[in-house]
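Undergrad: Next up, protein03.cif (mmCIF, C-alpha atoms).
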```
data_protein
loop_
_atom_site.group_PDB
_atom_site.id
_atom_site.type_symbol
_atom_site.label_atom_id
_atom_site.label_comp_id
_atom_site.auth_asym_id
_atom_site.auth_seq_id
_atom_site.Cartn_x
_atom_site.Cartn_y
_atom_site.Cartn_z
ATOM 1 C CA MET A 2 0.000 0.000 0.000
ATOM 2 C CA THR A 3 1.578 3.184 -1.114
ATOM 3 C CA SER A 4 0.598 6.531 0.270
ATOM 4 C CA THR A 5 0.009 9.409 -2.049
ATOM 5 C CA LEU A 6 1.248 12.780 -1.010
ATOM 6 C CA THR A 7 -0.936 15.691 -1.909
ATOM 7 C CA PRO A 8 0.877 18.983 -2.366
ATOM 8 C CA ALA A 9 0.300 21.565 0.328
ATOM 9 C CA ARG A 10 -2.246 24.145 -0.673
ATOM 10 C CA GLY A 11 -1.061 27.705 -0.655
ATOM 11 C CA ARG A 12 -2.745 30.390 1.341
ATOM 12 C CA THR A 13 -5.619 31.324 -0.886
ATOM 13 C CA ALA A 14 -8.740 33.210 0.029
ATOM 14 C CA SER A 15 -11.766 31.113 0.767
ATOM 15 C CA PRO A 16 -14.464 31.113 -1.893
ATOM 16 C CA GLY A 17 -16.583 34.258 -1.717
ATOM 17 C CA HIS A 18 -14.024 36.231 0.338
ATOM 18 C CA PRO A 19 -11.566 38.439 -1.567
ATOM 19 C CA PRO A 20 -8.020 38.822 -0.251
ATOM 20 C CA ARG A 21 -7.443 41.334 2.526
ATOM 21 C CA ALA A 22 -5.434 43.619 0.257
ATOM 22 C CA VAL A 23 -8.319 43.814 -2.180
ATOM 23 C CA ARG A 24 -10.805 44.532 0.621
ATOM 24 C CA TRP A 25 -8.726 47.416 1.938
ATOM 25 C CA ARG A 26 -7.892 48.917 -1.434
ATOM 26 C CA GLY A 27 -11.252 50.653 -1.971
ATOM 27 C CA PRO A 28 -11.526 52.315 1.471
ATOM 28 C CA LEU A 29 -7.846 53.305 1.335
ATOM 29 C CA ILE A 30 -8.292 55.061 -2.012
ATOM 30 C CA ALA A 31 -11.430 56.816 -0.708
ATOM 31 C CA TRP A 32 -9.596 58.077 2.401
ATOM 32 C CA LEU A 33 -6.685 59.280 0.250
ATOM 33 C CA PHE A 34 -9.072 61.372 -1.828
ATOM 34 C CA LEU A 35 -10.735 62.705 1.336
ATOM 35 C CA ALA A 36 -7.450 63.481 3.093
ATOM 36 C CA PRO A 37 -6.926 67.038 1.677
ATOM 37 C CA ALA A 38 -10.430 68.131 2.617
ATOM 38 C CA LEU A 39 -10.167 66.508 6.051
ATOM 39 C CA LEU A 40 -6.860 68.273 6.704
ATOM 40 C CA LEU A 41 -8.429 71.604 5.787
ATOM 41 C CA PHE A 42 -11.385 70.877 8.076
ATOM 42 C CA LEU A 43 -9.001 69.922 10.863
ATOM 43 C CA TYR A 44 -6.908 73.077 10.541
ATOM 44 C CA PHE A 45 -9.613 75.655 9.879
ATOM 45 C CA LYS A 46 -12.575 74.165 11.786
ATOM 46 C CA PHE A 47 -11.851 71.573 14.457
ATOM 47 C CA ILE A 48 -8.626 73.008 15.866
ATOM 48 C CA PRO A 49 -10.162 76.520 16.205
ATOM 49 C CA MET A 50 -13.177 74.929 17.931
ATOM 50 C CA PHE A 51 -10.987 73.329 20.590
ATOM 51 C CA VAL A 52 -8.928 76.509 20.929
ATOM 52 C CA GLY A 53 -12.154 78.488 21.399
ATOM 53 C CA LEU A 54 -13.301 76.043 24.077
ATOM 54 C CA TRP A 55 -9.957 76.436 25.858
ATOM 55 C CA LYS A 56 -9.979 80.247 25.580
ATOM 56 C CA SER A 57 -13.505 80.404 27.010
ATOM 57 C CA LEU A 58 -12.031 79.417 30.364
ATOM 58 C CA PHE A 59 -9.549 82.302 30.417
ATOM 59 C CA LYS A 60 -9.494 86.059 30.546
ATOM 60 C CA VAL A 61 -7.571 86.571 27.338
ATOM 61 C CA GLN A 62 -4.909 89.293 27.598
ATOM 62 C CA THR A 63 -2.898 89.453 24.413
ATOM 63 C CA PHE A 64 0.364 90.894 25.746
ATOM 64 C CA LEU A 65 -0.007 90.236 29.480
ATOM 65 C CA GLY A 66 -0.768 86.516 29.387
ATOM 66 C CA ASP A 67 -4.065 84.716 29.783
ATOM 67 C CA GLU A 68 -5.631 84.509 33.247
ATOM 68 C CA TRP A 69 -7.603 81.420 34.301
ATOM 69 C CA VAL A 70 -11.176 82.304 35.269
ATOM 70 C CA GLY A 71 -12.902 78.938 34.907
ATOM 71 C CA LEU A 72 -16.637 79.258 34.216
ATOM 72 C CA GLN A 73 -16.767 82.978 34.965
ATOM 73 C CA ASN A 74 -17.174 83.844 31.274
ATOM 74 C CA TYR A 75 -20.207 81.552 31.078
ATOM 75 C CA GLN A 76 -21.637 83.123 34.223
ATOM 76 C CA THR A 77 -21.250 86.506 32.546
ATOM 77 C CA ILE A 78 -23.254 85.269 29.569
ATOM 78 C CA VAL A 79 -26.036 83.872 31.759
ATOM 79 C CA SER A 80 -26.334 86.970 33.952
ATOM 80 C CA ASP A 81 -25.729 89.723 31.391
ATOM 81 C CA ASP A 82 -28.861 91.471 30.103
ATOM 82 C CA GLU A 83 -27.176 92.246 26.791
ATOM 83 C CA PHE A 84 -26.585 88.558 26.153
ATOM 84 C CA ALA A 85 -30.140 87.695 27.214
ATOM 85 C CA SER A 86 -31.553 90.210 24.712
ATOM 86 C CA ALA A 87 -29.267 88.927 21.942
ATOM 87 C CA ILE A 88 -30.288 85.325 22.594
ATOM 88 C CA TRP A 89 -33.977 86.308 22.581
ATOM 89 C CA HIS A 90 -33.582 88.195 19.313
ATOM 90 C CA SER A 91 -31.785 85.199 17.783
ATOM 91 C CA VAL A 92 -34.594 82.842 18.816
ATOM 92 C CA VAL A 93 -37.323 85.166 17.493
ATOM 93 C CA LEU A 94 -35.465 85.669 14.223
ATOM 94 C CA ALA A 95 -34.850 81.925 13.845
ATOM 95 C CA LEU A 96 -38.499 81.021 14.490
ATOM 96 C CA GLY A 97 -39.905 83.699 12.205
ATOM 97 C CA THR A 98 -37.478 82.962 9.389
ATOM 98 C CA THR A 99 -38.048 79.207 9.680
ATOM 99 C CA VAL A 100 -41.849 79.371 9.627
ATOM 100 C CA GLY A 101 -42.015 82.033 6.924
ATOM 101 C CA SER A 102 -39.536 80.422 4.537
ATOM 102 C CA ILE A 103 -41.056 76.943 4.925
ATOM 103 C CA VAL A 104 -44.645 78.131 4.359
ATOM 104 C CA LEU A 105 -43.766 80.311 1.368
ATOM 105 C CA GLY A 106 -41.371 77.695 0.006
ATOM 106 C CA LEU A 107 -44.104 75.057 0.089
ATOM 107 C CA GLY A 108 -46.567 77.417 -1.585
ATOM 108 C CA LEU A 109 -44.145 78.244 -4.403
ATOM 109 C CA ALA A 110 -43.251 74.584 -4.852
ATOM 110 C CA LEU A 111 -46.905 73.641 -5.237
ATOM 111 C CA LEU A 112 -47.443 76.455 -7.736
ATOM 112 C CA ILE A 113 -44.512 75.709 -10.059
ATOM 113 C CA GLU A 114 -44.349 71.931 -9.658
ATOM 114 C CA GLY A 115 -44.971 70.188 -12.956
ATOM 115 C CA PRO A 116 -43.447 69.144 -16.305
ATOM 116 C CA ALA A 117 -44.259 72.315 -18.301
ATOM 117 C CA ARG A 118 -41.379 73.667 -20.378
ATOM 118 C CA TYR A 119 -41.473 77.248 -19.140
ATOM 119 C CA LEU A 120 -41.259 76.225 -15.478
ATOM 120 C CA TRP A 121 -37.464 75.776 -15.611
ATOM 121 C CA PHE A 122 -37.123 79.529 -16.145
ATOM 122 C CA VAL A 123 -39.458 80.300 -13.231
ATOM 123 C CA ARG A 124 -37.536 77.952 -10.933
ATOM 124 C CA THR A 125 -34.217 79.463 -11.948
ATOM 125 C CA ALA A 126 -35.463 83.012 -11.429
ATOM 126 C CA ALA A 127 -36.928 82.112 -8.029
ATOM 127 C CA PHE A 128 -33.686 80.435 -6.934
ATOM 128 C CA LEU A 129 -31.427 83.397 -7.789
ATOM 129 C CA PRO A 130 -31.533 84.993 -4.290
ATOM 130 C CA VAL A 131 -29.896 81.872 -2.819
ATOM 131 C CA VAL A 132 -26.810 82.040 -5.056
ATOM 132 C CA THR A 133 -26.380 85.815 -4.642
ATOM 133 C CA THR A 134 -23.779 87.024 -2.149
ATOM 134 C CA MET A 135 -25.393 87.760 1.203
ATOM 135 C CA ALA A 136 -23.532 91.052 1.670
ATOM 136 C CA ALA A 137 -24.725 92.324 -1.710
ATOM 137 C CA VAL A 138 -28.317 91.251 -0.998
ATOM 138 C CA ALA A 139 -28.287 92.943 2.407
ATOM 139 C CA GLU A 140 -26.909 96.163 0.920
ATOM 140 C CA VAL A 141 -29.675 96.230 -1.721
ATOM 141 C CA TRP A 142 -32.316 95.663 0.946
ATOM 142 C CA ARG A 143 -30.770 98.391 3.107
ATOM 143 C CA ILE A 144 -31.369 100.820 0.245
ATOM 144 C CA MET A 145 -34.917 99.509 -0.214
ATOM 145 C CA PHE A 146 -35.569 99.993 3.527
ATOM 146 C CA HIS A 147 -34.795 103.722 3.301
ATOM 147 C CA PRO A 148 -37.239 105.265 5.800
ATOM 148 C CA ALA A 149 -38.026 108.412 3.798
ATOM 149 C CA ASP A 150 -41.101 108.763 1.619
ATOM 150 C CA SER A 151 -38.935 108.130 -1.435
ATOM 151 C CA GLY A 152 -37.756 104.743 -0.152
ATOM 152 C CA MET A 153 -38.645 101.894 -2.497
ATOM 153 C CA LEU A 154 -40.706 99.860 -0.025
ATOM 154 C CA ASN A 155 -42.437 102.976 1.298
ATOM 155 C CA VAL A 156 -43.387 103.922 -2.256
ATOM 156 C CA ILE A 157 -44.818 100.428 -2.839
ATOM 157 C CA ILE A 158 -46.875 100.349 0.357
ATOM 158 C CA GLY A 159 -47.947 103.926 -0.340
ATOM 159 C CA TRP A 160 -49.888 102.650 -3.361
ATOM 160 C CA THR A 161 -52.149 100.784 -0.925
ATOM 161 C CA GLY A 162 -52.629 103.814 1.325
ATOM 162 C CA ILE A 163 -50.240 102.744 4.107
ATOM 163 C CA ASP A 164 -48.147 105.458 5.715
ATOM 164 C CA PRO A 165 -44.325 105.338 5.282
ATOM 165 C CA GLN A 166 -42.611 103.051 7.776
ATOM 166 C CA PRO A 167 -39.250 103.593 9.527
ATOM 167 C CA TRP A 168 -38.163 99.988 8.870
ATOM 168 C CA LEU A 169 -34.563 99.645 10.097
ATOM 169 C CA ALA A 170 -34.554 103.051 11.817
ATOM 170 C CA SER A 171 -37.068 102.037 14.501
ATOM 171 C CA GLU A 172 -36.506 99.830 17.532
ATOM 172 C CA ASP A 173 -39.949 98.294 17.036
ATOM 173 C CA SER A 174 -39.507 97.268 13.398
ATOM 174 C CA SER A 175 -35.773 96.688 12.837
ATOM 175 C CA LEU A 176 -35.806 92.998 13.783
ATOM 176 C CA TRP A 177 -38.959 92.337 11.763
ATOM 177 C CA SER A 178 -37.414 94.045 8.736
ATOM 178 C CA ILE A 179 -34.385 91.762 8.937
ATOM 179 C CA MET A 180 -36.741 88.807 9.266
ATOM 180 C CA LEU A 181 -38.556 89.891 6.103
ATOM 181 C CA MET A 182 -35.320 89.901 4.116
ATOM 182 C CA SER A 183 -34.218 86.544 5.593
ATOM 183 C CA ILE A 184 -37.540 84.950 4.604
ATOM 184 C CA TRP A 185 -37.184 86.341 1.073
ATOM 185 C CA ARG A 186 -33.734 84.781 0.752
ATOM 186 C CA GLY A 187 -34.506 81.454 2.466
ATOM 187 C CA THR A 188 -37.770 80.738 0.641
ATOM 188 C CA PRO A 189 -36.208 79.685 -2.718
ATOM 189 C CA TYR A 190 -33.936 77.162 -1.016
ATOM 190 C CA ASP A 191 -36.866 75.574 0.802
ATOM 191 C CA MET A 192 -38.850 75.651 -2.449
ATOM 192 C CA MET A 193 -36.229 73.553 -4.267
ATOM 193 C CA ILE A 194 -36.145 70.972 -1.454
ATOM 194 C CA PHE A 195 -39.929 70.739 -1.540
ATOM 195 C CA LEU A 196 -39.843 70.309 -5.322
ATOM 196 C CA ALA A 197 -37.443 67.392 -4.893
ATOM 197 C CA GLY A 198 -39.797 65.879 -2.324
ATOM 198 C CA LEU A 199 -42.862 66.319 -4.522
ATOM 199 C CA VAL A 200 -41.218 64.248 -7.248
ATOM 200 C CA GLY A 201 -41.391 61.206 -4.967
ATOM 201 C CA VAL A 202 -45.130 61.470 -4.295
ATOM 202 C CA ASP A 203 -47.052 58.657 -5.989
ATOM 203 C CA ARG A 204 -49.279 60.179 -8.686
ATOM 204 C CA ALA A 205 -51.650 57.225 -8.501
ATOM 205 C CA LEU A 206 -52.774 58.485 -5.104
ATOM 206 C CA TYR A 207 -53.857 61.801 -6.620
ATOM 207 C CA GLU A 208 -55.752 60.018 -9.384
ATOM 208 C CA ALA A 209 -57.523 57.742 -6.915
ATOM 209 C CA ALA A 210 -58.423 60.714 -4.708
ATOM 210 C CA ALA A 211 -59.753 62.650 -7.705
ATOM 211 C CA VAL A 212 -61.925 59.686 -8.684
ATOM 212 C CA ASP A 213 -63.298 59.567 -5.133
ATOM 213 C CA GLY A 214 -64.221 63.245 -5.402
ATOM 214 C CA ALA A 215 -61.611 64.621 -2.989
ATOM 215 C CA SER A 216 -61.092 68.367 -3.194
ATOM 216 C CA THR A 217 -57.726 70.030 -3.737
ATOM 217 C CA TRP A 218 -57.429 70.875 -0.049
ATOM 218 C CA ARG A 219 -58.146 67.271 0.994
ATOM 219 C CA ARG A 220 -55.557 65.949 -1.451
ATOM 220 C CA LEU A 221 -53.034 68.408 -0.068
ATOM 221 C CA ARG A 222 -53.856 67.526 3.524
ATOM 222 C CA HIS A 223 -54.079 63.739 3.254
ATOM 223 C CA ILE A 224 -51.574 62.961 0.462
ATOM 224 C CA THR A 225 -49.062 65.748 -0.138
ATOM 225 C CA LEU A 226 -48.295 66.874 3.386
ATOM 226 C CA PRO A 227 -47.874 63.346 4.860
ATOM 227 C CA ALA A 228 -45.575 62.414 1.966
ATOM 228 C CA LEU A 229 -43.464 65.521 2.612
ATOM 229 C CA ARG A 230 -43.065 64.852 6.326
ATOM 230 C CA PRO A 231 -39.355 63.848 6.072
ATOM 231 C CA VAL A 232 -38.698 66.985 4.022
ATOM 232 C CA PHE A 233 -40.318 69.123 6.718
ATOM 233 C CA TRP A 234 -37.999 67.696 9.369
ATOM 234 C CA ILE A 235 -34.911 68.352 7.263
ATOM 235 C CA LEU A 236 -35.929 71.890 6.377
ATOM 236 C CA PHE A 237 -36.939 72.735 9.923
ATOM 237 C CA THR A 238 -33.518 71.693 11.195
ATOM 238 C CA LEU A 239 -31.579 73.526 8.489
ATOM 239 C CA ALA A 240 -33.700 76.677 8.635
ATOM 240 C CA ALA A 241 -33.569 76.871 12.436
ATOM 241 C CA ILE A 242 -29.776 76.508 12.446
ATOM 242 C CA ARG A 243 -29.539 79.103 9.685
ATOM 243 C CA GLY A 244 -31.674 81.471 11.746
ATOM 244 C CA LEU A 245 -29.642 80.994 14.936
ATOM 245 C CA ARG A 246 -26.370 81.660 13.128
ATOM 246 C CA VAL A 247 -27.508 84.766 11.257
ATOM 247 C CA PHE A 248 -24.769 87.391 11.078
ATOM 248 C CA VAL A 249 -24.105 89.069 7.728
ATOM 249 C CA GLU A 250 -27.606 90.460 7.182
ATOM 250 C CA VAL A 251 -27.783 91.929 10.691
ATOM 251 C CA TYR A 252 -24.248 93.315 10.485
ATOM 252 C CA VAL A 253 -24.839 95.002 7.128
ATOM 253 C CA LEU A 254 -28.384 96.241 7.728
ATOM 254 C CA THR A 255 -28.291 97.514 11.316
ATOM 255 C CA ASN A 256 -25.107 96.313 13.062
ATOM 256 C CA GLY A 257 -27.381 95.427 15.979
ATOM 257 C CA GLY A 258 -29.072 98.826 16.219
ATOM 258 C CA PRO A 259 -30.868 100.956 16.886
ATOM 259 C CA ASN A 260 -30.053 100.721 20.608
ATOM 260 C CA GLY A 261 -29.476 96.974 20.402
ATOM 261 C CA SER A 262 -33.020 96.233 19.211
ATOM 262 C CA SER A 263 -31.732 93.871 16.489
ATOM 263 C CA GLU A 264 -28.606 92.595 18.222
ATOM 264 C CA VAL A 265 -28.230 88.827 17.795
ATOM 265 C CA LEU A 266 -25.789 86.425 19.367
ATOM 266 C CA MET A 267 -23.424 86.285 16.403
ATOM 267 C CA THR A 268 -23.054 90.073 16.092
ATOM 268 C CA LEU A 269 -22.585 90.411 19.850
ATOM 269 C CA ILE A 270 -19.869 87.743 19.816
ATOM 270 C CA TYR A 271 -18.158 89.544 16.945
ATOM 271 C CA LYS A 272 -18.203 92.888 18.753
ATOM 272 C CA LEU A 273 -16.903 91.403 21.993
ATOM 273 C CA GLY A 274 -14.102 89.529 20.270
ATOM 274 C CA PHE A 275 -12.882 91.988 17.641
ATOM 275 C CA GLN A 276 -13.993 95.418 18.884
ATOM 276 C CA LYS A 277 -13.875 95.186 22.691
ATOM 277 C CA ASN A 278 -11.079 92.563 22.761
ATOM 278 C CA GLU A 279 -12.982 90.374 25.258
ATOM 279 C CA LEU A 280 -11.974 87.157 23.534
ATOM 280 C CA GLY A 281 -12.701 84.944 26.524
ATOM 281 C CA VAL A 282 -16.343 86.013 26.809
ATOM 282 C CA ALA A 283 -16.708 85.905 23.014
ATOM 283 C CA SER A 284 -15.352 82.341 22.954
ATOM 284 C CA ALA A 285 -17.821 81.354 25.664
ATOM 285 C CA GLY A 286 -20.625 82.854 23.591
ATOM 286 C CA GLY A 287 -19.507 80.835 20.582
ATOM 287 C CA ILE A 288 -19.553 77.634 22.644
ATOM 288 C CA VAL A 289 -23.062 78.463 23.891
ATOM 289 C CA LEU A 290 -24.203 78.974 20.301
ATOM 290 C CA PHE A 291 -22.649 75.652 19.285
ATOM 291 C CA LEU A 292 -24.370 73.827 22.161
ATOM 292 C CA ALA A 293 -27.713 75.441 21.272
ATOM 293 C CA THR A 294 -27.345 74.348 17.652
ATOM 294 C CA LEU A 295 -26.360 70.829 18.716
ATOM 295 C CA ALA A 296 -29.280 70.587 21.154
ATOM 296 C CA LEU A 297 -31.721 71.775 18.494
ATOM 297 C CA THR A 298 -30.455 69.176 16.021
ATOM 298 C CA VAL A 299 -30.651 66.347 18.561
ATOM 299 C CA ILE A 300 -34.162 67.320 19.688
ATOM 300 C CA VAL A 301 -35.444 67.471 16.120
ATOM 301 C CA GLN A 302 -33.926 64.078 15.310
ATOM 302 C CA MET A 303 -35.449 62.531 18.449
ATOM 303 C CA LEU A 304 -38.876 63.912 17.585
ATOM 304 C CA ARG A 305 -38.550 62.643 14.021
ATOM 305 C CA ARG A 306 -37.634 59.127 15.144
ATOM 306 C CA ARG A 307 -40.407 59.065 17.730
ATOM 307 C CA GLN A 308 -42.944 60.047 15.116
ATOM 308 C CA ALA A 309 -41.569 57.472 12.680
ATOM 309 C CA THR A 310 -42.029 54.694 15.225
#
```
Here is the file; what I need is its structure written in the form of structure tokens.
TA:
Amino acid sequence: MTSTLTPARGRTASPGHPPRAVRWRGPLIAWLFLAPALLLFLYFKFIPMFVGLWKSLFKVQTFLGDEWVGLQNYQTIVSDDEFASAIWHSVVLALGTTVGSIVLGLGLALLIEGPARYLWFVRTAAFLPVVTTMAAVAEVWRIMFHPADSGMLNVIIGWTGIDPQPWLASEDSSLWSIMLMSIWRGTPYDMMIFLAGLVGVDRALYEAAAVDGASTWRRLRHITLPALRPVFWILFTLAAIRGLRVFVEVYVLTNGGPNGSSEVLMTLIYKLGFQKNELGVASAGGIVLFLATLALTVIVQMLRRRQAT
């Protein structure tokens, strides 16, 4: 009886499992392509965030050396009336801008949604405010808000018999004027997101509802709005964050005036850091704004998941 020797099998991958080098090649190439952007994010975003967190615990003195104060800067923010007013103005501006842009964006999306040829021009024209530089838009609106009788908006409302308004020059109307401009600029963005969501609505549902005799309002209420629920959550989060972090429009239009009536958290942080040289308190304000944005995002996501379940 002779024994047959079978040659030793080399180390080959088991059927259905590619070699380890092949498995790692795709992710490695992806990370190599992402590396430049990640390095830029690290240097210009994440490192300044940690430096700001560290500076918020100090009384920053540029030439005398920083002095450790712990949470005193945060106590200043909590107890200072100027910060309380700025936070309140930011919340009011965020809520008004969010509700106004979402409602108008949905209305425009429903009006221009469809396959007609000319609608591409209408969508493009409506979307132009989003791609225009914010500083240029704010400067144009500042001219339109001229409080004299010859101001553009005062001339327009004068056609309806309304008296000229002070707009940005009044403590009672400055914040609402900024809100009006923010809604005008945020509406086209929300409109495009709603248009993308309307594409996914099943048209057979509309046909079945029309056969059953459902009115336009009932179709909107029972078909369109439920189908757009995920879009509402996304837009609410983005619009609220955009409203909390508003800066350029306030800085260009009023710079927080008159008498602080339109001061928001971002403009107050800017003034403390770069005009009054209170970098420690300004850093603490930036951390508070970051935590508020993070809390808002988490709360919205929790509510969305709870509703989904």
Undergrad: CA of Val282 (chain A) and CA of Asp81 (chain A), how far apart in Å?
TA: 11.1 Å
Undergrad: Compile the contact shell of region 199-215 of chain A as a VMD selection string: residues with an atom at most 9 Å away, counting only C-alpha atoms, same-chain residues fewer than 6 positions apart removed.
TA: chain A and resid 110 to 111 114 224 to 225 228 to 229
Undergrad: Tell me, as an MDAnalysis selection string, which residues lie within 12 Å of Ile235 (chain A), counting all atoms listed in the file; anything in the same chain fewer than 2 positions away does not count.
TA: chainID A and resid 99 103 191 194:195 198 229:233 237:242 298 301:302 304:305
Undergrad: Using the selection just defined, write its residues with C-alpha atoms as a PDB file, keeping the file's coordinate frame.
TA:
```pdb
ATOM      1  CA  THR A  99     -38.048  79.207   9.680  1.00  0.00           C
ATOM      2  CA  ILE A 103     -41.056  76.943   4.925  1.00  0.00           C
ATOM      3  CA  ASP A 191     -36.866  75.574   0.802  1.00  0.00           C
ATOM      4  CA  ILE A 194     -36.145  70.972  -1.454  1.00  0.00           C
ATOM      5  CA  PHE A 195     -39.929  70.739  -1.540  1.00  0.00           C
ATOM      6  CA  GLY A 198     -39.797  65.879  -2.324  1.00  0.00           C
ATOM      7  CA  LEU A 229     -43.464  65.521   2.612  1.00  0.00           C
ATOM      8  CA  ARG A 230     -43.065  64.852   6.326  1.00  0.00           C
ATOM      9  CA  PRO A 231     -39.355  63.848   6.072  1.00  0.00           C
ATOM     10  CA  VAL A 232     -38.698  66.985   4.022  1.00  0.00           C
ATOM     11  CA  PHE A 233     -40.318  69.123   6.718  1.00  0.00           C
ATOM     12  CA  PHE A 237     -36.939  72.735   9.923  1.00  0.00           C
ATOM     13  CA  THR A 238     -33.518  71.693  11.195  1.00  0.00           C
ATOM     14  CA  LEU A 239     -31.579  73.526   8.489  1.00  0.00           C
ATOM     15  CA  ALA A 240     -33.700  76.677   8.635  1.00  0.00           C
ATOM     16  CA  ALA A 241     -33.569  76.871  12.436  1.00  0.00           C
ATOM     17  CA  ILE A 242     -29.776  76.508  12.446  1.00  0.00           C
ATOM     18  CA  THR A 298     -30.455  69.176  16.021  1.00  0.00           C
ATOM     19  CA  VAL A 301     -35.444  67.471  16.120  1.00  0.00           C
ATOM     20  CA  GLN A 302     -33.926  64.078  15.310  1.00  0.00           C
ATOM     21  CA  LEU A 304     -38.876  63.912  17.585  1.00  0.00           C
ATOM     22  CA  ARG A 305     -38.550  62.643  14.021  1.00  0.00           C
TER      23      ARG A 305
END
```
Undergrad: Go through A:Met135, A:Ala296, A:Val104, A:Ala283 one by one, measure the shortest atom-to-atom distance of each to Leu226 (chain A) using all atoms listed in the file, and give the residue with the smallest value.
TA: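 Among the listed residues, the smallest separation from Leu226 (chain A) belongs to A:Val104.
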Undergrad: Just to confirm, what's the straight-line distance from CA of Phe84 (chain A) to CA of Lys46 (chain A) in Å (one decimal)?
TA: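 The value is 24.7 Å.
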Undergrad: Can you tell me, as JSON, numbers by chain, what residues are no more than 12 Å from Ala149 (chain A) when counting only C-alpha atoms, ignoring any on the same chain fewer than 2 positions away?
TA: {"A": [144, 145, 146, 147, 151, 152, 153, 154, 155, 156, 159, 164, 165, 166, 167, 168, 169, 170]}
Undergrad: May I have the residues within 9 Å of Gly97 (chain A) as number ranges by chain, using all atoms listed in the file and disregarding those fewer than 6 positions away in the same chain?
TA: A: 177, 180-181, 184, 244
Undergrad: Identify all residues satisfying the PyMOL selection byres ((chain A and resi 48-56) around 10) in the given file; provide them as a VMD selection string.
TA: chain A and resid 42 to 47 57 to 61 67 to 71 74 280 to 288 291
Undergrad: With N, CA, C and O atoms as the goal, would you fill in the gaps in region 130-142 of chain A and present it as a compact mmCIF listing (two decimals), in the coordinates of the input?
TA:
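Okay, out.txt is ready:
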```txt
# COMPACT_ATOMS: atom_id res chain seq x y z
N PRO A 130 -31.97 84.40 -5.57
CA PRO A 130 -31.53 84.99 -4.29
C PRO A 130 -30.61 84.10 -3.47
O PRO A 130 -29.80 84.61 -2.70
N VAL A 131 -30.71 82.78 -3.62
CA VAL A 131 -29.90 81.87 -2.82
C VAL A 131 -28.43 81.94 -3.25
O VAL A 131 -27.52 81.86 -2.41
N VAL A 132 -28.18 82.07 -4.55
CA VAL A 132 -26.81 82.04 -5.06
C VAL A 132 -26.18 83.43 -5.08
O VAL A 132 -25.02 83.57 -5.45
N THR A 133 -26.92 84.46 -4.68
CA THR A 133 -26.38 85.82 -4.64
C THR A 133 -25.65 86.02 -3.31
O THR A 133 -26.07 85.52 -2.27
N THR A 134 -24.56 86.76 -3.35
CA THR A 134 -23.78 87.02 -2.15
C THR A 134 -24.63 87.74 -1.10
O THR A 134 -25.32 88.71 -1.40
N MET A 135 -24.55 87.23 0.15
CA MET A 135 -25.39 87.76 1.20
C MET A 135 -25.11 89.23 1.47
O MET A 135 -26.03 90.02 1.72
N ALA A 136 -23.87 89.65 1.41
CA ALA A 136 -23.53 91.05 1.67
C ALA A 136 -24.16 91.96 0.62
O ALA A 136 -24.68 93.04 0.94
N ALA A 137 -24.12 91.52 -0.65
CA ALA A 137 -24.72 92.32 -1.71
C ALA A 137 -26.24 92.39 -1.55
O ALA A 137 -26.85 93.46 -1.74
N VAL A 138 -26.86 91.27 -1.21
CA VAL A 138 -28.32 91.25 -1.00
C VAL A 138 -28.70 92.17 0.15
O VAL A 138 -29.66 92.96 0.04
N ALA A 139 -27.97 92.09 1.26
CA ALA A 139 -28.29 92.94 2.41
C ALA A 139 -28.12 94.42 2.08
O ALA A 139 -28.92 95.26 2.53
N GLU A 140 -27.11 94.76 1.28
CA GLU A 140 -26.91 96.16 0.92
C GLU A 140 -28.06 96.66 0.04
O GLU A 140 -28.52 97.80 0.22
N VAL A 141 -28.53 95.83 -0.89
CA VAL A 141 -29.68 96.23 -1.72
C VAL A 141 -30.92 96.44 -0.86
O VAL A 141 -31.67 97.42 -1.03
N TRP A 142 -31.16 95.52 0.08
CA TRP A 142 -32.32 95.66 0.95
C TRP A 142 -32.18 96.87 1.88
O TRP A 142 -33.18 97.49 2.25
```
